[in-house]
Structures are given as structure tokens and as C-alpha cells.
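S.K.: Structure incoming, see below.
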Protein chains: 2
Amino acid sequence: MARSIQIGVVGYGTVGHGVVHGLLDRKKLIQNRTGLDVELRWVCDRGFAKNKKSFKGKTQSTHDVQEILQDDQVDIVVELVGGVDAAKSIVLDALKAGKHVVTANKALMATAGKELFKQAKKSGVELYFEAAVGGGIPIIKGLREGLVDNYFNAIVGILNGTSNYILTQMRQQGWAFQDALKEAQSLGYAEKDPTLDVGGHDAAHKLALLAWLGYGLESPPKNIHTEGIEHIEPVDIENAAEMGYFIKHLAIAKRVAGGLEVRVHPALVHKHHLMANVEGVFNAVYVNGDRVGDQLFYGKGAGEKPTASAVIADIVDIAKKMQHASNDADAVVSAAGVSGLSLCKMGDVVSRYYLRFTVTDKPGVLAKITGILGDNEISIASVRQQERNQKQSVAVIIVTHEAKESDIKKSLTQVDRSAFIDKKTIVIRIEDSTEDLRES
Amino acid sequence: MARSIQIGVVGYGTVGHGVVHGLLDRKKLIQNRTGLDVELRWVCDRGFAKNKKSFKGKTQSTHDVQEILQDDQVDIVVELVGGVDAAKSIVLDALKAGKHVVTANKALMATAGKELFKQAKKSGVELYFEAAVGGGIPIIKGLREGLVDNYFNAIVGILNGTSNYILTQMRQQGWAFQDALKEAQSLGYAEKDPTLDVGGHDAAHKLALLAWLGYGLESPPKNIHTEGIEHIEPVDIENAAEMGYFIKHLAIAKRVAGGLEVRVHPALVHKHHLMANVEGVFNAVYVNGDRVGDQLFYGKGAGEKPTASAVIADIVDIAKKMQHASNDADAVVSAAGVSGLSLCKMGDVVSRYYLRFTVTDKPGVLAKITGILGDNEISIASVRQQERNQKQSVAVIIVTHEAKESDIKKSLTQVDRSAFIDKKTIVIRIEDSTEDLRES
């Protein structure tokens, strides 16, 4: 195996914590999946000044970023201090020292990105920023790599989780803006001073990056028409709903005959559009590419682990480039790092079931069916029966509580053998017993 | 600039056509975005035997794949012949000849992937297959790269556009399966023999690949519990709807205590879940990662250009690896290949508008407002007014047809100056005048 890749993380706030522990806890997983040995060498935070932190393994701590920048062993510096000025000098110094840089800092990238990229180019190193837009959603990668042959007609984002959460609560609970904001603050979804989020500025920073990547057009946030959601009132949400719309806070970069529209503001979105159904703190980016058509990328736009996940993906991408000898085929053959996983038997699947029995409608039929189900430990949630019809078959719909597939199968073998059954029973699983497909 | 990367495309059907013309037409765009010179050297198709094809520039045609495999200049072979046996021997031969391979062939990868990866590893070359799952959606890249530090709790896909189209039509039009299938066939969304699609086998092939990538578990399609949609009747769709569900054809790989469930079947999905709102021929993959939480990737799962877009992204990724000297910072600075694009003035934006006027309710107020709007070329689509109330302000909601932002602004400056206006007028744009946010 090639040599290890040495990482220095600067900033140990929420995202820093997620990155540090992600790198330490998932070291083996990343190695299994990519063949790369990614080693966390340094964690730097000003708060470590008096109280030196200790980490797993060989990881050292410091309060002085220069220790990292001057360490020849460090390959990649991860900037997570936030803000613009201090962060900019750290990133510039790291790039000048020939280190690759990963940052999650949208304000920095939106305002100084061009200058930083020039330095990166000059130093022959990489500058990655997946976590700066859409948290854990791989949208930068999607635009730059996945859709590399597309011209973009439109890129439309729900890029601020705080605003989306507030608008969702206003609609679902009928709350006023201030009440929804207070709740968001009490849940930690909004800052004490929420201006950056609810005023649309955070979304404008992110949109500036998307417009730059997608269209090559620099649009500094100050040139982007930016409106927040503070002026939206319940009456607007109600009126929109009556017209069939939800109000969403959108960040839009759209190609038109005259150039590129780049704007951030609340908007009415048809309630059946996927973007209308992006609720709560979730983010989404809708892309229309001239070759792929419409695409949507959806996920958590903030939070320790989602954001850290994007930072770590950038680290791994740079590490892969550095170790160009490694090849992906190897990684796939050596599999996904989950060992000892076996394919479940279908009979062990647990689900709620929709069952449609086609029966000759005679007295006692329902009792017989439910009796057989009960004998097989299947508990019934609801029964619907078509109107009585002495001549033709009727449908009896039974929805079960959670049941085991093998019990369902056994029951239906018995039921379908009965004289009153006119057609094989239809079985459709209900996929909401699992977290991932529950109503969002 | 580094040397050009030479491509040989084998198979000139629908996807082959898209890849060939994408590579030729977007050569300059790809160069601007990545610094790479990707050159289409060969196009091979059996149909060229008698009728030699001519292509733009230096591209040659042949009916004999050996010409490509034996050409030392070829770096990447793109397999687009489909089927398993012939494709397998082409891919194996290419890998043995030391060529990187890109394929869109899910049946091949799901049944012979392991063997092919072993050969790729032995030869030290790459084998990419983004287009094999979800057409133009960068889901393979998302799972392998974007979410590299995640263990997956669940991967749930709508992976077959034909089945999804049929189920969507059955629900929206009330059609029987056979009628929806006939329409899908007449529109070219379903094959003459639709078994592979509506029987769930195509989805099972794709799910096998997702389960392999996400969990490292080989699950040959024949071991995957697979049900199609042929037995779904309108009565099921109606009953589901009454219960608040849509019926979707899902491909599910889910981690449970006992191992991994891998199964393909129709299922009831709550109508407010994003997956329920994936309609028509669109595909989507819902992923729950233990660090990023829920994510959704949505887009066109088939078709010439979307599928070709994924193939071309793979080609570019391999080319980038080969040219490890190129760096991404350069690509971002040299921008997105769209030259001469300028930021539009906000005043030129055209949209429909939702306007909420807060007025003292006196006779003639509505006439004054609509008069000012009319004078500024703004045409009104609808008006709603709260019940008359002599003492307090009332809200008047006006929705406009498409209007220019500057005209709206001018009108509102005039209106808001009027004595009967009690509060600044609220303006919210309606984002459905553009294709991308119209009701899907």
C-alpha cells in the first residue's frame, strides 16, 4: 500500500468535531472502500490554548495553526474556522505552503474564491468545497463531474434549512413568522441573530458558488438580488395554498436570452412539484441540464455529520488524486467494508401488507379469512369490502399490522385454497414501517 | 497541455449515438471545464459492415471491434452493445489489452461484474458504469465518492421508468395496466416484449449493483425476490389512494438486524413522501446513510442524452485520473466554458406575481389599483379580497399574468404612495412560468 495521507484540521466547532471523529472512526471503512490510508495528524483550535486536547491514536492537538502549516508531513489542510478574514489567511497560507485545502466555508468561497483558486493553481494544489453548498448533498461533485457535458438551463436551490423549516412550520401549524422563528431557535435550527439565514444572505452565498460552477459567471453575493422570508405572513401561505401552491425560499440561477438571472427570494411553487415537498430543514437543488433534463439532489443541508461527510468526501477525493496508483476496481472488488453481511431470506421480511382477496360474497367468508390470518399471528389494521353482490366476485381489502412475510405467505396459501376465493390474492407491501419511507 | 485521451465507442444504438455526438459536440466544453482533450478515435458497429459511416474530424468507423482493441492509441473502450455474452467478451478483451472500460450495461455488470473487476484489477485499469443505474443520475458517483464515509441503512430506488410511467398513468388516468402499457409502447417507453421492465427484472439488475456498491454484498439478480407490476389493478390504486398512498415499484436494499434485505416489488408509499412524487419515466434513488441521513437523487433514468451524459462523465473521470497532472482549481478558474454570459438586471426578470395589498376598504380602491397596474402593462389573472370591513385594513390579493419586474416595481411605487394603502405591498414571484418548476 502507498504511504498514508496526512490531514490537519483547523477549527474544532460543530463541523470540526464531525470531521475529526469521522476521520478517526471511519478510517478503516475508508481504507476498505478506497485502499487509502487517511491519517488525522493535527487538530487545531484556539480553545486548545490552555487545555490541550487528546485524540485517538497518533493525532496531535495544537492551538497554533502555524504548527500545521509548517509541518512538511501535512498533505491536506481542512479549514473549518468559519468567517472570512482569518479563514482566508489560513487557506492562502496553506495553499502557498503547497498543501491541498478542503473548506466548508461558503462566505469565504463566495467572496474570495477566485483569488484562492488562482493561488491553488499557482501552487499546483487542489481546493475543494463540497460542504459549502447543501451540506452532505454531493451537489458540487454532481455539477462538476456527473453533469460535465451539460450546459445548464437552470439551477434552483432550497439552500437554507432555517428558512425552509420556518416556512414549513408556518404552513403546517399556521404559525406567524416570529413564532416559527422562535421555535427554530429553541431547537437550534436558527441562530440568536437569524438575519444571515432568514434574510436570504446565506442562500445568496451558496447560489453565487452554484452560478460560478454551473455557468462560469462570477456573481458576488452583493450583486445578487436577495430577499428573505421575514415579510411572509400566514395570509400569504393560506392564499397560496388555496391556489395550489406552497411558498418556498428559492435561490435561482437561470439562463435566459439576455444572460443569467441570479436571484434569491420566496416564491410560490406548485404543490405537486418535488421542490414544494422539500420540507423542514432539508435542502434540495434542482438542476436542468440540456442533456440530462431535470435532476434533483436532496438531503440535509447542515448539521455536524452531514456536513462532515461532505468534507471527508473531499479529503478522500484529493487523497485519491495524490495516490494515482490506486484504482477503483480494486476498491469495488474489496467491497464496501461491510463484512459478514448476508442476504436475508424473503420470508423474514417484516412489513405491513395490503391484501386484496377476490371472493364470492357469502356469509362467513370474512370470518374465515380473518380466522386464518389470526391463526398465523397476523393482526388486522383495517378491512374494506365492496358492496354486496350475490352474483359476482367482490374485493375484500385487508390491511395488516406489521407481519412476517412467511406468515403472510402461509396464510394466503391456506386462504387461496378455499372454495370462496375466485382469484389469487394480491399482496402489496406498505413501505412506511421503516424510517426512510415514513411520511416526511 | 497533456496528450489527448483516445476513445473507442463500441455499439451505435440509441446510447451509442448519444455518446458519439456528445463527445464530438461537447469536446470544447469538456476541455474548458477540465483541461482535458478527449478525442473520439473510433466508432464501431456491426451495422457499419457494408455502409461505412463518416464522422466529424478524425473519428474513424469500423465494423470490427478488434480494430479498436488492437489499436495501441486507444485509452478507453466504451461498451454499448448491450446483452451479456458479446458484451462480456468485448469488455474482457479490452481490459486484458490494458484499456480502461466504460459501460452502461447493467445486465452485464450485475451478472459478471465481479469477474470483470478482477480482470480490471489484474490489468491495472478502471471499469466504470455510472450509466448502468439511473441513466443520467450520478448515483454511483454519489454512493462511492460523495457518501464514502457512510454506512447505509437503506437504499430504495424507483429504477424502472417504464413501470413508473405505467403506474403513474394508471393512477392519473384510471387506466388498466394493459391500456397504460399499450400507451407506453406507443410512446416508445416500453418494449414490444415488456417483461424485462414490467416484470421487475431490469430493476433487480440495477438493485444488485446498488447493493454491491453500498453494502459490498453480491446478490445475483436470480437471488433477489422480484415482483413486477402486471397484477396491479385500478382497484388497488384507488384503495391505496383512499388510504393516503400511491403505489410505486420499488427496489429496496435495507440493512436489518439479520443482514440485508434485497427485494423488488410494488409497494404503497405515503403520498407526501418525495418518492411518491417521482412520476412518469423519472427515476429516483433514496439513500439513508448513517452520517448524512436521508438523501434523494432524482432524474431521467433512460434516454439517449441522459444515459450518454453519464457515460461521458465516466470517460472524463478516467481521463482525469490518467492525466493526474491536471488540477481542478485550474478548471474552476477557467470557468464553465460558457463565455460572454452576463448577469441579468433584476428589472428584466419576467414572472407571474402574487401581490398582497393592505388597504382601507373603501369604494373605488380596487379600481385604482388595477388602473395603475394596467397603465404599466400588467395584466391581471385573478383578484381575491377579504370580506368587507369598514374599520380595519383588508388584504387584496392580485395574481398577475407574466409581467416584467421593473413594471411591477414601478406600479407598486405608485400604489404604495396612495392614501388607501396601509402597509407596504407584499410581492412574491410565482415560479411556474419556467419549464423547470412547472407542475411535474
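Residue names in the C-alpha cells use chain letters A, B, ... in the order shown, residue numbers from 1 in each chain, and ligand numbers from 1 in the order shown.
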From a DSSP pass on the backbone, collect the residues of stretch 333-423 of chain A flagged as alpha helix (DSSP H) and hand them back as a list in words.

M.R.: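 Alpha helix (DSSP H) members of stretch 333-423 of chain A, listed: Val333, Val365, Leu366, Ala367, Lys368, Ile369, Thr370, Gly371, Ile372, Leu373, Gly374, Asp375, Glu405, Ser406, Asp407, Ile408, Lys409, Lys410, Ser411, Leu412, Thr413, Gln414, Val415 and Asp416 of chain A.
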
S.K.: Find the spatial neighbours of stretch 426-432 of chain B, counting only C-alpha atoms, within a cut-off of 10 Å - ignore same-chain residues fewer than 2 positions away - and output them as number ranges by chain.

M.R.: A: 227, 231-233, 236, 240, 245-248, 250, 252, 265-270, 273; B: 350-358, 397-402, 405, 408-409, 412, 423-424, 434-439

S.K.: In Å, with one decimal, what is the gap from atom CA of A:Leu159 to atom CA of A:His272?

M.R.: 19.6 Å

S.K.: B:Ala104, B:Ala302, B:Leu343, B:Ile318: which is nearest B:Ile76, counting only C-alpha atoms?

M.R.: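 Smallest distance to B:Ile76 is found for B:Ile318.
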
S.K.: Please report as a Markdown table every residue of stretch 99-183 of chain A lying within 12 Å of stretch 60-74 of chain A, along with the nearest atom pair and their distance in Å (one decimal), using only C-alpha atoms.

M.R.:
| residue | atom | partner | partner_atom | distance |
| --- | --- | --- | --- | --- |
| A:Lys99 | CA | A:Val74 | CA | 7.2 |
| A:His100 | CA | A:Val74 | CA | 9.2 |
| A:Val101 | CA | A:Val74 | CA | 10.8 |

S.K.: Selection from above, N, CA and C atoms, as a short mmCIF file (atom, residue, chain, number, x, y, z; two decimals), in the first residue's frame, can you write it?

M.R.:
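Written output follows (result_30.cif):
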data_model
loop_
_atom_site.label_atom_id
_atom_site.label_comp_id
_atom_site.auth_asym_id
_atom_site.auth_seq_id
_atom_site.Cartn_x
_atom_site.Cartn_y
_atom_site.Cartn_z
N LYS A 99 0.01 22.94 0.25
CA LYS A 99 -0.92 21.95 0.80
C LYS A 99 -2.28 22.05 0.09
N HIS A 100 -2.88 20.91 -0.15
CA HIS A 100 -4.24 20.91 -0.65
C HIS A 100 -5.15 21.43 0.46
N VAL A 101 -6.25 22.06 0.05
CA VAL A 101 -7.16 22.61 1.06
C VAL A 101 -8.59 22.12 0.81
#

S.K.: Out of A:Gly258, A:Gly280, A:Gly83, A:Pro220, which residue has the shortest atom-to-atom distance to chain B when counting only C-alpha atoms?

M.R.: A:Gly258

S.K.: When DSSP works through the backbone of this structure, what residues of stretch 17-251 of chain B end up as strand (DSSP E), shown as JSON, numbers by chain?

M.R.: {"B": [38, 39, 40, 41, 42, 43, 44, 60, 61, 62, 76, 77, 78, 79, 100, 101, 102, 103, 127, 128, 152, 153, 154, 155, 156, 157, 158, 225, 226, 245, 246, 247, 248, 249, 250, 251]}

S.K.: If you keep C-alpha atoms, can you produce a file of those selected residues as a PDB file, in the first residue's frame?

M.R.:
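As a result, part_3.pdb now contains:
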ATOM      1  CA  VAL B  38     -10.908  13.846 -25.109  1.00  0.00           C
ATOM      2  CA  GLU B  39     -10.718  12.576 -28.672  1.00  0.00           C
ATOM      3  CA  LEU B  40     -13.221  10.165 -30.225  1.00  0.00           C
ATOM      4  CA  ARG B  41     -10.956   7.894 -32.268  1.00  0.00           C
ATOM      5  CA  TRP B  42     -13.238   5.015 -33.216  1.00  0.00           C
ATOM      6  CA  VAL B  43     -16.886   4.192 -33.549  1.00  0.00           C
ATOM      7  CA  CYS B  44     -17.659   0.512 -34.081  1.00  0.00           C
ATOM      8  CA  GLN B  60     -12.912   6.594 -37.836  1.00  0.00           C
ATOM      9  CA  SER B  61     -15.590   3.950 -38.177  1.00  0.00           C
ATOM     10  CA  THR B  62     -15.322   0.188 -38.285  1.00  0.00           C
ATOM     11  CA  ILE B  76     -10.736   3.945 -23.119  1.00  0.00           C
ATOM     12  CA  VAL B  77     -13.176   1.481 -24.672  1.00  0.00           C
ATOM     13  CA  VAL B  78     -16.876   2.284 -24.260  1.00  0.00           C
ATOM     14  CA  GLU B  79     -19.074  -0.815 -24.416  1.00  0.00           C
ATOM     15  CA  HIS B 100      -9.973   1.335 -19.363  1.00  0.00           C
ATOM     16  CA  VAL B 101     -13.615   0.449 -19.908  1.00  0.00           C
ATOM     17  CA  VAL B 102     -16.839   2.389 -19.518  1.00  0.00           C
ATOM     18  CA  THR B 103     -20.103   0.511 -19.867  1.00  0.00           C
ATOM     19  CA  LEU B 127     -14.053  -0.126 -15.108  1.00  0.00           C
ATOM     20  CA  TYR B 128     -16.817   2.482 -14.744  1.00  0.00           C
ATOM     21  CA  PHE B 152     -26.023   2.711   4.518  1.00  0.00           C
ATOM     22  CA  ASN B 153     -29.188   1.867   6.381  1.00  0.00           C
ATOM     23  CA  ALA B 154     -31.292   1.762   3.259  1.00  0.00           C
ATOM     24  CA  ILE B 155     -31.075   2.317  -0.481  1.00  0.00           C
ATOM     25  CA  VAL B 156     -34.502   2.453  -2.125  1.00  0.00           C
ATOM     26  CA  GLY B 157     -34.910   3.060  -5.825  1.00  0.00           C
ATOM     27  CA  ILE B 158     -37.532   3.731  -8.427  1.00  0.00           C
ATOM     28  CA  HIS B 225     -37.008 -11.509  -4.679  1.00  0.00           C
ATOM     29  CA  THR B 226     -38.531  -9.861  -7.748  1.00  0.00           C
ATOM     30  CA  TYR B 245     -50.861   6.115  -0.527  1.00  0.00           C
ATOM     31  CA  PHE B 246     -49.542   5.871  -4.053  1.00  0.00           C
ATOM     32  CA  ILE B 247     -48.382   2.533  -5.469  1.00  0.00           C
ATOM     33  CA  LYS B 248     -44.762   2.626  -6.644  1.00  0.00           C
ATOM     34  CA  HIS B 249     -42.472  -0.082  -7.944  1.00  0.00           C
ATOM     35  CA  LEU B 250     -39.553  -0.102  -5.519  1.00  0.00           C
ATOM     36  CA  ALA B 251     -36.141  -1.730  -5.457  1.00  0.00           C
TER      37      ALA B 251
END

S.K.: What's the 8 Å shell around stretch 372-375 of chain B, counting only C-alpha atoms, without same-chain residues fewer than 4 positions away, as a PyMOL selection string?

M.R.: chain B and resi 368+379+408+411+414-415

S.K.: With N, CA and C atoms kept, could you save the residues just selected as a PDB file, in the first residue's frame?

M.R.:
ATOM      1  N   LYS B 368     -58.644  51.664  -8.517  1.00  0.00           N
ATOM      2  CA  LYS B 368     -57.401  52.444  -8.584  1.00  0.00           C
ATOM      3  C   LYS B 368     -56.186  51.539  -8.740  1.00  0.00           C
ATOM      4  N   SER B 379     -51.035  42.640 -16.676  1.00  0.00           N
ATOM      5  CA  SER B 379     -52.335  42.045 -16.898  1.00  0.00           C
ATOM      6  C   SER B 379     -52.660  41.135 -15.711  1.00  0.00           C
ATOM      7  N   ILE B 408     -43.604  45.911 -12.450  1.00  0.00           N
ATOM      8  CA  ILE B 408     -44.212  45.643 -11.143  1.00  0.00           C
ATOM      9  C   ILE B 408     -43.719  46.678 -10.129  1.00  0.00           C
ATOM     10  N   SER B 411     -45.215  50.107 -10.703  1.00  0.00           N
ATOM     11  CA  SER B 411     -46.617  50.134 -10.288  1.00  0.00           C
ATOM     12  C   SER B 411     -46.727  50.233  -8.775  1.00  0.00           C
ATOM     13  N   GLN B 414     -46.079  53.506  -7.208  1.00  0.00           N
ATOM     14  CA  GLN B 414     -47.255  54.374  -7.341  1.00  0.00           C
ATOM     15  C   GLN B 414     -48.357  53.969  -6.356  1.00  0.00           C
ATOM     16  N   VAL B 415     -48.673  52.683  -6.345  1.00  0.00           N
ATOM     17  CA  VAL B 415     -49.771  52.207  -5.493  1.00  0.00           C
ATOM     18  C   VAL B 415     -49.466  52.496  -4.024  1.00  0.00           C
TER      19      VAL B 415
END

S.K.: Between atom CA of B:Asp422 and atom CA of B:Ser393, what is the spacing in Å?

M.R.: 6.8 Å

S.K.: Set the distance at 6 Å and use only C-alpha atoms: which residues neighbour stretch 206-211 of chain B once local chain neighbours fewer than 6 positions away are removed? I'd like the list as a list in words.

M.R.: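 The contact residues come out as Ala110, Val133 and Ser219 of chain B.
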
S.K.: Restrict the selected residues to N, CA and C atoms and save them as a short mmCIF file (atom, residue, chain, number, x, y, z; two decimals), in the first residue's frame.

M.R.:
data_model
loop_
_atom_site.label_atom_id
_atom_site.label_comp_id
_atom_site.auth_asym_id
_atom_site.auth_seq_id
_atom_site.Cartn_x
_atom_site.Cartn_y
_atom_site.Cartn_z
N ALA B 110 -24.30 -6.71 -13.44
CA ALA B 110 -24.97 -7.41 -12.34
C ALA B 110 -24.64 -8.90 -12.35
N VAL B 133 -27.08 2.39 -13.84
CA VAL B 133 -28.15 2.59 -12.86
C VAL B 133 -28.62 4.04 -12.91
N SER B 219 -25.33 -9.85 -4.72
CA SER B 219 -26.64 -10.51 -4.73
C SER B 219 -27.06 -10.65 -6.18
#
